[in-house]
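The block underneath contains the structure these notes are about, expressed in structure tokens.
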Protein chains: 2
Amino acid sequence: MTELNDMACPIPISDYPKVTMAHGGGGRLMNQLIDRMIIGTFSNSFLDRRHDGAVMELDGGTLAFATDSHVVTPLFFPGGDIGSLSVYGTVNDLAMCGARPLWLSAGLIIEEGFSMEDLWRVIRSMAEAAARAGVQIVTGDTKVVDRGKGDGIFINTSGVGIVPEGLSIHPSSLRDGDAVILSGDIGRHGMAIMAAREGIGLEIPVNSDLAPLSGMVSGLLREGLDIHCMRDLTRGGLASGLNEIADQAGLTVFIDEASIPVTEQVAGACELLGFDPLYVPNEGRFVTFLPQEHADRAVEILKNHDDGKGACRIGSVGPRTGSGVIMRSLIGSDRIVDMISGEQLPRIC
Amino acid sequence: MTELNDMACPIPISDYPKVTMAHGGGGRLMNQLIDRMIIGTFSNSFLDRRHDGAVMELDGGTLAFATDSHVVTPLFFPGGDIGSLSVYGTVNDLAMCGARPLWLSAGLIIEEGFSMEDLWRVIRSMAEAAARAGVQIVTGDTKVVDRGKGDGIFINTSGVGIVPEGLSIHPSSLRDGDAVILSGDIGRHGMAIMAAREGIGLEIPVNSDLAPLSGMVSGLLREGLDIHCMRDLTRGGLASGLNEIADQAGLTVFIDEASIPVTEQVAGACELLGFDPLYVPNEGRFVTFLPQEHADRAVEILKNHDDGKGACRIGSVGPRTGSGVIMRSLIGSDRIVDMISGEQLPRIC
């Protein structure tokens, strides 16, 4: 996608260095923005028809449908930006349903005065991310709100995908004895955002783990592994993801602290800023629950992907013991890993 | 849906009269808000599974997929609110593709400090609108942004519907000679919003025309009328909708000013505020293009619906004459009806 990186903005930035209310008003300026900058860049046969919605043929089967609004701040951070985040966020939600993501919508809420150059950067980033994840942005909507009533840009993406026949990936499919596989080291996305936001110069900068998970998931499914449940570890991090699944399944997840990969930089940044990596959000990490006998093969498959090199088994599922997640700590004692009650890291996605 | 109107908010408003950042933070407070207030109210078998996305069976066919972000201000206006608007907005986009709307997603971006009571009013309104339009809200997402970085609440809805076999409803299907049918009087939504916003006490208040169009559309399709194109007349109003279609079709739409219904109140409000009703947005009006021989029957069918009582023929399609829309005025002269270039009415949807 180097061509896209080098591409000049298709609308003259010198004429409109900032987004104006008129860019959301339904007239010529809005049409120019949408036609040239957005549809022109995301171009595909569905979107190019410029209808109120996209119309797509489907050979029957089971659909997955997901939505995510993105309000991350700052908009550009080490390892990604709100554009790529908004594409992968929804792609990953679909992947967690076992679906092959196919089509996305893009709903932009832009603050009056937002830099046209930054908007163009975000649009390009969305197009690149969509290409990488193998999805098409087939329909969209653009709104402009008054200065001081938004925060640069918010992006909602919704997505439709196809679920292969016979899958039942859901917390209720969890079984006592299942292995818990984590796809890589945790905490990078949250710490990358926090370091960028606080202007903290880490010795070795932390890059977000932002990545599409659909390739890894289809790798697992293609091998016929009996996946019971998957969950991406976004808001609330590993701790919240495991708690939600455990509560819904009525079982307890037992994890081993020593097995959970956290890089030295993330551990350092967490200490500096006072966070627990277990609760720090990720945007390219997920857990998979499946029978023990499939666990080694699952780890092997994940390790074959660039974004799954750090995959490992971190625990197993057992009968409910009162709390959802229990962790064997580094010093050998067991402790309850609760869900956080409030906000640990605001606006990280 | 009276039960819903009387229903107390399922989370204790006295504990949390305002939305806090923690309600978007991925922890217990967010789960409580989503589980009790949102999922509990929209309740359906898909949403109740509380997965990352909704999973739905589909018997093949053609899908329509649409998205709309809603940033209307004020949030509550005569004839509706942002909740019902967000549901009908996307339902109508799907209907304009000829689709039967089935499933919606809901993505909420809430400003810290937003009144919990108002949030509950909006959620109820969405549930009522979904029931009226015959759609289910099957997946969602909730984000909270800092005070001063949003404007109460923004709502994105995306929707999936099924397009009956054999339909090709699109501007490129327009034909020289087609009749143009308008579903009712224009300008009410925009004027209701503007009057509410400016605090103008109109002698007879104007109610928004906000309504789901899917019932009328399925009425037209059920009769086997050969519909070539439809368009709902939102941002930019009738003038912009007709111009967009004419430009895409490479034809000209000829309309007759005398045939376009505008109520006395809307005409008065437009005069008072300096607007042209042709450009004022509607949220429950659409135009249909179809062969002349089907026009009378189409008007008849629309008139059978509560929201189509004012349906009428307003013109016809002819060969391209340089401009997209030409109107025979009340005094008998022809004038070009251009697309507006900027913003006439900001944030009306």
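We name chains A, B, ... following the order of the structure tokens; residues begin at 1 in each chain, and ligands are numbered from 1 as shown.
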Can you write out as JSON lines which residues of chain A fall within 6 Å of chain B, alongside each residue's closest atom pair and its distance in Å to one decimal, counting only C-alpha atoms and ordering rows by chain and ascending residue number?
{"residue": "A:Ala22", "atom": "CA", "partner": "B:Glu343", "partner_atom": "CA", "distance": 4.2}
{"residue": "A:Gly25", "atom": "CA", "partner": "B:Glu343", "partner_atom": "CA", "distance": 4.2}
{"residue": "A:Gly26", "atom": "CA", "partner": "B:Arg235", "partner_atom": "CA", "distance": 4.8}
{"residue": "A:Gly27", "atom": "CA", "partner": "B:Ser341", "partner_atom": "CA", "distance": 4.7}
{"residue": "A:Arg28", "atom": "CA", "partner": "B:Ser341", "partner_atom": "CA", "distance": 4.3}
{"residue": "A:Leu29", "atom": "CA", "partner": "B:Ser341", "partner_atom": "CA", "distance": 5.9}
{"residue": "A:Asp52", "atom": "CA", "partner": "B:Asp93", "partner_atom": "CA", "distance": 5.2}
{"residue": "A:Gly53", "atom": "CA", "partner": "B:Ala66", "partner_atom": "CA", "distance": 4.2}
{"residue": "A:Ala54", "atom": "CA", "partner": "B:Phe65", "partner_atom": "CA", "distance": 5.0}
{"residue": "A:Val55", "atom": "CA", "partner": "B:Ala64", "partner_atom": "CA", "distance": 4.2}
{"residue": "A:Met56", "atom": "CA", "partner": "B:Leu63", "partner_atom": "CA", "distance": 5.0}
{"residue": "A:Glu57", "atom": "CA", "partner": "B:Thr62", "partner_atom": "CA", "distance": 4.3}
{"residue": "A:Leu58", "atom": "CA", "partner": "B:Gly60", "partner_atom": "CA", "distance": 5.4}
{"residue": "A:Asp59", "atom": "CA", "partner": "B:Gly60", "partner_atom": "CA", "distance": 4.6}
{"residue": "A:Gly60", "atom": "CA", "partner": "B:Gly60", "partner_atom": "CA", "distance": 3.0}
{"residue": "A:Gly61", "atom": "CA", "partner": "B:Leu58", "partner_atom": "CA", "distance": 5.5}
{"residue": "A:Thr62", "atom": "CA", "partner": "B:Glu57", "partner_atom": "CA", "distance": 4.3}
{"residue": "A:Leu63", "atom": "CA", "partner": "B:Met56", "partner_atom": "CA", "distance": 5.0}
{"residue": "A:Ala64", "atom": "CA", "partner": "B:Val55", "partner_atom": "CA", "distance": 4.3}
{"residue": "A:Phe65", "atom": "CA", "partner": "B:Ala54", "partner_atom": "CA", "distance": 5.0}
{"residue": "A:Ala66", "atom": "CA", "partner": "B:Gly53", "partner_atom": "CA", "distance": 4.2}
{"residue": "A:Thr67", "atom": "CA", "partner": "B:Gly140", "partner_atom": "CA", "distance": 5.9}
{"residue": "A:Asp68", "atom": "CA", "partner": "B:Asp141", "partner_atom": "CA", "distance": 5.5}
{"residue": "A:Ser69", "atom": "CA", "partner": "B:Gly107", "partner_atom": "CA", "distance": 5.9}
{"residue": "A:Asp93", "atom": "CA", "partner": "B:Asp52", "partner_atom": "CA", "distance": 5.2}
{"residue": "A:Gly107", "atom": "CA", "partner": "B:Ser69", "partner_atom": "CA", "distance": 5.9}
{"residue": "A:Gly140", "atom": "CA", "partner": "B:Thr67", "partner_atom": "CA", "distance": 5.9}
{"residue": "A:Asp141", "atom": "CA", "partner": "B:Asp68", "partner_atom": "CA", "distance": 5.5}
{"residue": "A:Lys149", "atom": "CA", "partner": "B:Gly150", "partner_atom": "CA", "distance": 4.7}
{"residue": "A:Gly150", "atom": "CA", "partner": "B:Gly150", "partner_atom": "CA", "distance": 4.4}
{"residue": "A:Asp151", "atom": "CA", "partner": "B:Lys149", "partner_atom": "CA", "distance": 5.2}
{"residue": "A:Arg235", "atom": "CA", "partner": "B:Gly26", "partner_atom": "CA", "distance": 4.9}
{"residue": "A:Gly236", "atom": "CA", "partner": "B:Gly26", "partner_atom": "CA", "distance": 4.9}
{"residue": "A:Ile340", "atom": "CA", "partner": "B:Gly27", "partner_atom": "CA", "distance": 4.8}
{"residue": "A:Ser341", "atom": "CA", "partner": "B:Arg28", "partner_atom": "CA", "distance": 4.3}
{"residue": "A:Gly342", "atom": "CA", "partner": "B:Ala22", "partner_atom": "CA", "distance": 4.4}
{"residue": "A:Glu343", "atom": "CA", "partner": "B:Ala22", "partner_atom": "CA", "distance": 4.2}
Take the residues that were just selected and, keeping N, CA and C atoms, output them as a JSON list (two decimals), in the first residue's frame.
[["chain", "number", "residue", "atom", "x", "y", "z"],
["A", 22, "ALA", "N", -19.94, 22.99, 6.80],
["A", 22, "ALA", "CA", -20.51, 22.71, 5.47],
["A", 22, "ALA", "C", -20.09, 21.34, 4.94],
["A", 25, "GLY", "N", -22.96, 19.14, 5.68],
["A", 25, "GLY", "CA", -24.28, 19.76, 5.50],
["A", 25, "GLY", "C", -25.17, 19.22, 4.42],
["A", 26, "GLY", "N", -24.71, 18.21, 3.68],
["A", 26, "GLY", "CA", -25.58, 17.64, 2.67],
["A", 26, "GLY", "C", -25.46, 18.30, 1.31],
["A", 27, "GLY", "N", -24.56, 19.26, 1.17],
["A", 27, "GLY", "CA", -24.44, 19.97, -0.10],
["A", 27, "GLY", "C", -23.20, 19.56, -0.87],
["A", 28, "ARG", "N", -22.77, 20.45, -1.76],
["A", 28, "ARG", "CA", -21.65, 20.15, -2.65],
["A", 28, "ARG", "C", -20.35, 19.86, -1.91],
["A", 29, "LEU", "N", -20.06, 20.63, -0.86],
["A", 29, "LEU", "CA", -18.80, 20.43, -0.15],
["A", 29, "LEU", "C", -18.76, 19.06, 0.50],
["A", 52, "ASP", "N", -27.83, 4.57, -0.56],
["A", 52, "ASP", "CA", -28.01, 4.83, 0.86],
["A", 52, "ASP", "C", -27.38, 3.73, 1.71],
["A", 53, "GLY", "N", -27.28, 2.55, 1.14],
["A", 53, "GLY", "CA", -26.65, 1.44, 1.83],
["A", 53, "GLY", "C", -25.98, 0.57, 0.80],
["A", 54, "ALA", "N", -25.20, -0.39, 1.27],
["A", 54, "ALA", "CA", -24.56, -1.32, 0.34],
["A", 54, "ALA", "C", -25.46, -2.53, 0.16],
["A", 55, "VAL", "N", -25.43, -3.11, -1.01],
["A", 55, "VAL", "CA", -26.24, -4.30, -1.28],
["A", 55, "VAL", "C", -25.30, -5.42, -1.73],
["A", 56, "MET", "N", -25.32, -6.53, -1.01],
["A", 56, "MET", "CA", -24.37, -7.59, -1.25],
["A", 56, "MET", "C", -25.07, -8.94, -1.38],
["A", 57, "GLU", "N", -24.60, -9.76, -2.32],
["A", 57, "GLU", "CA", -25.15, -11.12, -2.47],
["A", 57, "GLU", "C", -24.56, -12.03, -1.41],
["A", 58, "LEU", "N", -25.35, -12.96, -0.93],
["A", 58, "LEU", "CA", -24.86, -13.89, 0.07],
["A", 58, "LEU", "C", -25.43, -15.28, -0.20],
["A", 59, "ASP", "N", -24.56, -16.30, -0.20],
["A", 59, "ASP", "CA", -25.02, -17.67, -0.46],
["A", 59, "ASP", "C", -25.50, -18.34, 0.82],
["A", 60, "GLY", "N", -26.45, -17.76, 1.49],
["A", 60, "GLY", "CA", -26.98, -18.38, 2.70],
["A", 60, "GLY", "C", -25.95, -18.46, 3.80],
["A", 61, "GLY", "N", -26.29, -19.15, 4.88],
["A", 61, "GLY", "CA", -25.33, -19.33, 5.96],
["A", 61, "GLY", "C", -25.63, -18.48, 7.17],
["A", 62, "THR", "N", -24.62, -18.32, 8.00],
["A", 62, "THR", "CA", -24.81, -17.62, 9.26],
["A", 62, "THR", "C", -23.98, -16.35, 9.25],
["A", 63, "LEU", "N", -24.64, -15.25, 9.60],
["A", 63, "LEU", "CA", -24.00, -13.93, 9.60],
["A", 63, "LEU", "C", -23.53, -13.56, 10.99],
["A", 64, "ALA", "N", -22.41, -12.86, 11.06],
["A", 64, "ALA", "CA", -22.04, -12.17, 12.29],
["A", 64, "ALA", "C", -22.10, -10.68, 12.02],
["A", 65, "PHE", "N", -22.48, -9.91, 13.02],
["A", 65, "PHE", "CA", -22.70, -8.47, 12.87],
["A", 65, "PHE", "C", -22.17, -7.82, 14.14],
["A", 66, "ALA", "N", -21.25, -6.87, 14.01],
["A", 66, "ALA", "CA", -20.64, -6.24, 15.18],
["A", 66, "ALA", "C", -20.48, -4.75, 14.96],
["A", 67, "THR", "N", -20.36, -4.00, 16.05],
["A", 67, "THR", "CA", -20.17, -2.55, 15.93],
["A", 67, "THR", "C", -19.23, -2.06, 17.01],
["A", 68, "ASP", "N", -18.50, -1.00, 16.72],
["A", 68, "ASP", "CA", -17.58, -0.41, 17.67],
["A", 68, "ASP", "C", -17.41, 1.07, 17.33],
["A", 69, "SER", "N", -17.58, 1.93, 18.32],
["A", 69, "SER", "CA", -17.29, 3.35, 18.13],
["A", 69, "SER", "C", -15.91, 3.61, 18.71],
["A", 93, "ASP", "N", -13.81, -8.08, 16.50],
["A", 93, "ASP", "CA", -15.07, -8.50, 17.12],
["A", 93, "ASP", "C", -15.72, -9.61, 16.27],
["A", 107, "GLY", "N", -18.70, 5.22, 9.95],
["A", 107, "GLY", "CA", -19.46, 6.41, 10.33],
["A", 107, "GLY", "C", -18.52, 7.40, 11.01],
["A", 140, "GLY", "N", -21.08, 4.14, 4.26],
["A", 140, "GLY", "CA", -20.56, 5.07, 5.25],
["A", 140, "GLY", "C", -21.45, 6.27, 5.48],
["A", 141, "ASP", "N", -21.02, 7.10, 6.41],
["A", 141, "ASP", "CA", -21.78, 8.29, 6.76],
["A", 141, "ASP", "C", -20.81, 9.28, 7.39],
["A", 149, "LYS", "N", -17.68, 20.54, 20.41],
["A", 149, "LYS", "CA", -18.73, 19.55, 20.68],
["A", 149, "LYS", "C", -18.29, 18.15, 20.27],
["A", 150, "GLY", "N", -17.04, 18.00, 19.93],
["A", 150, "GLY", "CA", -16.48, 16.69, 19.61],
["A", 150, "GLY", "C", -15.02, 16.72, 20.02],
["A", 151, "ASP", "N", -14.22, 15.82, 19.46],
["A", 151, "ASP", "CA", -12.81, 15.82, 19.82],
["A", 151, "ASP", "C", -11.97, 15.36, 18.63],
["A", 235, "ARG", "N", -10.97, -3.19, 26.24],
["A", 235, "ARG", "CA", -11.21, -2.44, 27.48],
["A", 235, "ARG", "C", -11.25, -3.37, 28.69],
["A", 236, "GLY", "N", -10.47, -3.04, 29.73],
["A", 236, "GLY", "CA", -10.46, -3.87, 30.92],
["A", 236, "GLY", "C", -9.41, -4.97, 30.86],
["A", 340, "ILE", "N", -12.32, -4.84, 37.14],
["A", 340, "ILE", "CA", -12.24, -3.49, 37.70],
["A", 340, "ILE", "C", -13.65, -2.91, 37.77],
["A", 341, "SER", "N", -13.87, -2.04, 38.76],
["A", 341, "SER", "CA", -15.24, -1.53, 38.89],
["A", 341, "SER", "C", -15.42, -0.25, 38.11],
["A", 342, "GLY", "N", -14.36, 0.50, 37.92],
["A", 342, "GLY", "CA", -14.53, 1.80, 37.26],
["A", 342, "GLY", "C", -13.75, 1.89, 35.98],
["A", 343, "GLU", "N", -13.09, 2.96, 35.87],
["A", 343, "GLU", "CA", -12.36, 3.31, 34.66],
["A", 343, "GLU", "C", -10.90, 3.23, 35.01]]
Name all residues at most 12 Å from A:Arg197 (count only C-alpha atoms; drop same-chain ones fewer than 2 positions away) and give them as a list in words. Val72, Thr73, Pro74, Leu75, Phe76, Phe77, Pro78, Gly190, Met191, Ala192, Ile193, Met194, Ala195, Gly199, Ile200, Gly201, Leu273, Leu345, Pro346, Arg347 and Ile348 of chain A
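For the residues A:Glu264, A:Asp48, A:Asp296, A:Asp209, ranking by smallest atom-to-atom distance to A:Gly308 using only C-alpha atoms places A:Asp209 first.
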Just the strand (DSSP E or B) stuff from stretch 181-298 of chain B, please, per backbone DSSP, written as a ChimeraX atom specification. /B:181-182,229-232,251-256,286-290
Create the file for the chosen residues now, containing N, CA and C atoms and written as a PDB file, in the first residue's frame.
ATOM      1  N   ILE B 181     -42.781  10.401  -7.464  1.00  0.00           N
ATOM      2  CA  ILE B 181     -43.801  10.431  -6.415  1.00  0.00           C
ATOM      3  C   ILE B 181     -43.155  10.890  -5.116  1.00  0.00           C
ATOM      4  N   LEU B 182     -43.790  11.835  -4.446  1.00  0.00           N
ATOM      5  CA  LEU B 182     -43.318  12.310  -3.135  1.00  0.00           C
ATOM      6  C   LEU B 182     -44.293  11.778  -2.082  1.00  0.00           C
ATOM      7  N   CYS B 229     -36.145   3.670  -8.537  1.00  0.00           N
ATOM      8  CA  CYS B 229     -35.270   4.256  -7.520  1.00  0.00           C
ATOM      9  C   CYS B 229     -36.106   4.882  -6.408  1.00  0.00           C
ATOM     10  N   MET B 230     -35.522   4.955  -5.218  1.00  0.00           N
ATOM     11  CA  MET B 230     -36.157   5.662  -4.092  1.00  0.00           C
ATOM     12  C   MET B 230     -35.051   6.432  -3.374  1.00  0.00           C
ATOM     13  N   ARG B 231     -35.428   7.500  -2.683  1.00  0.00           N
ATOM     14  CA  ARG B 231     -34.450   8.245  -1.895  1.00  0.00           C
ATOM     15  C   ARG B 231     -35.180   8.958  -0.763  1.00  0.00           C
ATOM     16  N   ASP B 232     -34.663   8.800   0.462  1.00  0.00           N
ATOM     17  CA  ASP B 232     -35.263   9.575   1.554  1.00  0.00           C
ATOM     18  C   ASP B 232     -34.633  10.966   1.564  1.00  0.00           C
ATOM     19  N   LEU B 251     -29.721  12.090 -16.059  1.00  0.00           N
ATOM     20  CA  LEU B 251     -31.008  12.549 -16.599  1.00  0.00           C
ATOM     21  C   LEU B 251     -31.402  13.837 -15.864  1.00  0.00           C
ATOM     22  N   THR B 252     -32.506  14.420 -16.263  1.00  0.00           N
ATOM     23  CA  THR B 252     -32.985  15.606 -15.547  1.00  0.00           C
ATOM     24  C   THR B 252     -34.359  15.310 -14.951  1.00  0.00           C
ATOM     25  N   VAL B 253     -34.563  15.779 -13.723  1.00  0.00           N
ATOM     26  CA  VAL B 253     -35.856  15.613 -13.063  1.00  0.00           C
ATOM     27  C   VAL B 253     -36.613  16.936 -13.175  1.00  0.00           C
ATOM     28  N   PHE B 254     -37.816  16.871 -13.746  1.00  0.00           N
ATOM     29  CA  PHE B 254     -38.663  18.056 -13.889  1.00  0.00           C
ATOM     30  C   PHE B 254     -39.760  17.992 -12.840  1.00  0.00           C
ATOM     31  N   ILE B 255     -39.829  19.028 -11.994  1.00  0.00           N
ATOM     32  CA  ILE B 255     -40.865  19.034 -10.968  1.00  0.00           C
ATOM     33  C   ILE B 255     -41.717  20.286 -11.088  1.00  0.00           C
ATOM     34  N   ASP B 256     -42.876  20.188 -10.465  1.00  0.00           N
ATOM     35  CA  ASP B 256     -43.870  21.247 -10.577  1.00  0.00           C
ATOM     36  C   ASP B 256     -44.100  21.815  -9.174  1.00  0.00           C
ATOM     37  N   PHE B 286     -39.941  10.424   1.354  1.00  0.00           N
ATOM     38  CA  PHE B 286     -39.062   9.897   0.313  1.00  0.00           C
ATOM     39  C   PHE B 286     -39.691  10.090  -1.059  1.00  0.00           C
ATOM     40  N   VAL B 287     -38.844  10.048  -2.076  1.00  0.00           N
ATOM     41  CA  VAL B 287     -39.332  10.086  -3.452  1.00  0.00           C
ATOM     42  C   VAL B 287     -39.162   8.713  -4.072  1.00  0.00           C
ATOM     43  N   THR B 288     -40.102   8.377  -4.952  1.00  0.00           N
ATOM     44  CA  THR B 288     -40.067   7.106  -5.675  1.00  0.00           C
ATOM     45  C   THR B 288     -40.121   7.412  -7.167  1.00  0.00           C
ATOM     46  N   PHE B 289     -39.270   6.764  -7.916  1.00  0.00           N
ATOM     47  CA  PHE B 289     -39.262   6.884  -9.376  1.00  0.00           C
ATOM     48  C   PHE B 289     -39.768   5.568  -9.949  1.00  0.00           C
ATOM     49  N   LEU B 290     -40.793   5.644 -10.790  1.00  0.00           N
ATOM     50  CA  LEU B 290     -41.328   4.423 -11.404  1.00  0.00           C
ATOM     51  C   LEU B 290     -42.082   4.788 -12.680  1.00  0.00           C
TER      52      LEU B 290
END
For the helix (DSSP H, G or I) assignment from backbone DSSP, which residues of stretch 34-237 of chain A qualify? Please present them as a VMD selection string. chain A and resid 34 to 42 47 to 49 82 to 96 116 to 133 171 to 173 188 to 198 214 to 222 237
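Take the candidates A:Gly250, A:Gly284, A:Pro291, A:Gly224 and check each one against A:Gly324 using only C-alpha atoms; the shortest distance goes to A:Gly250.
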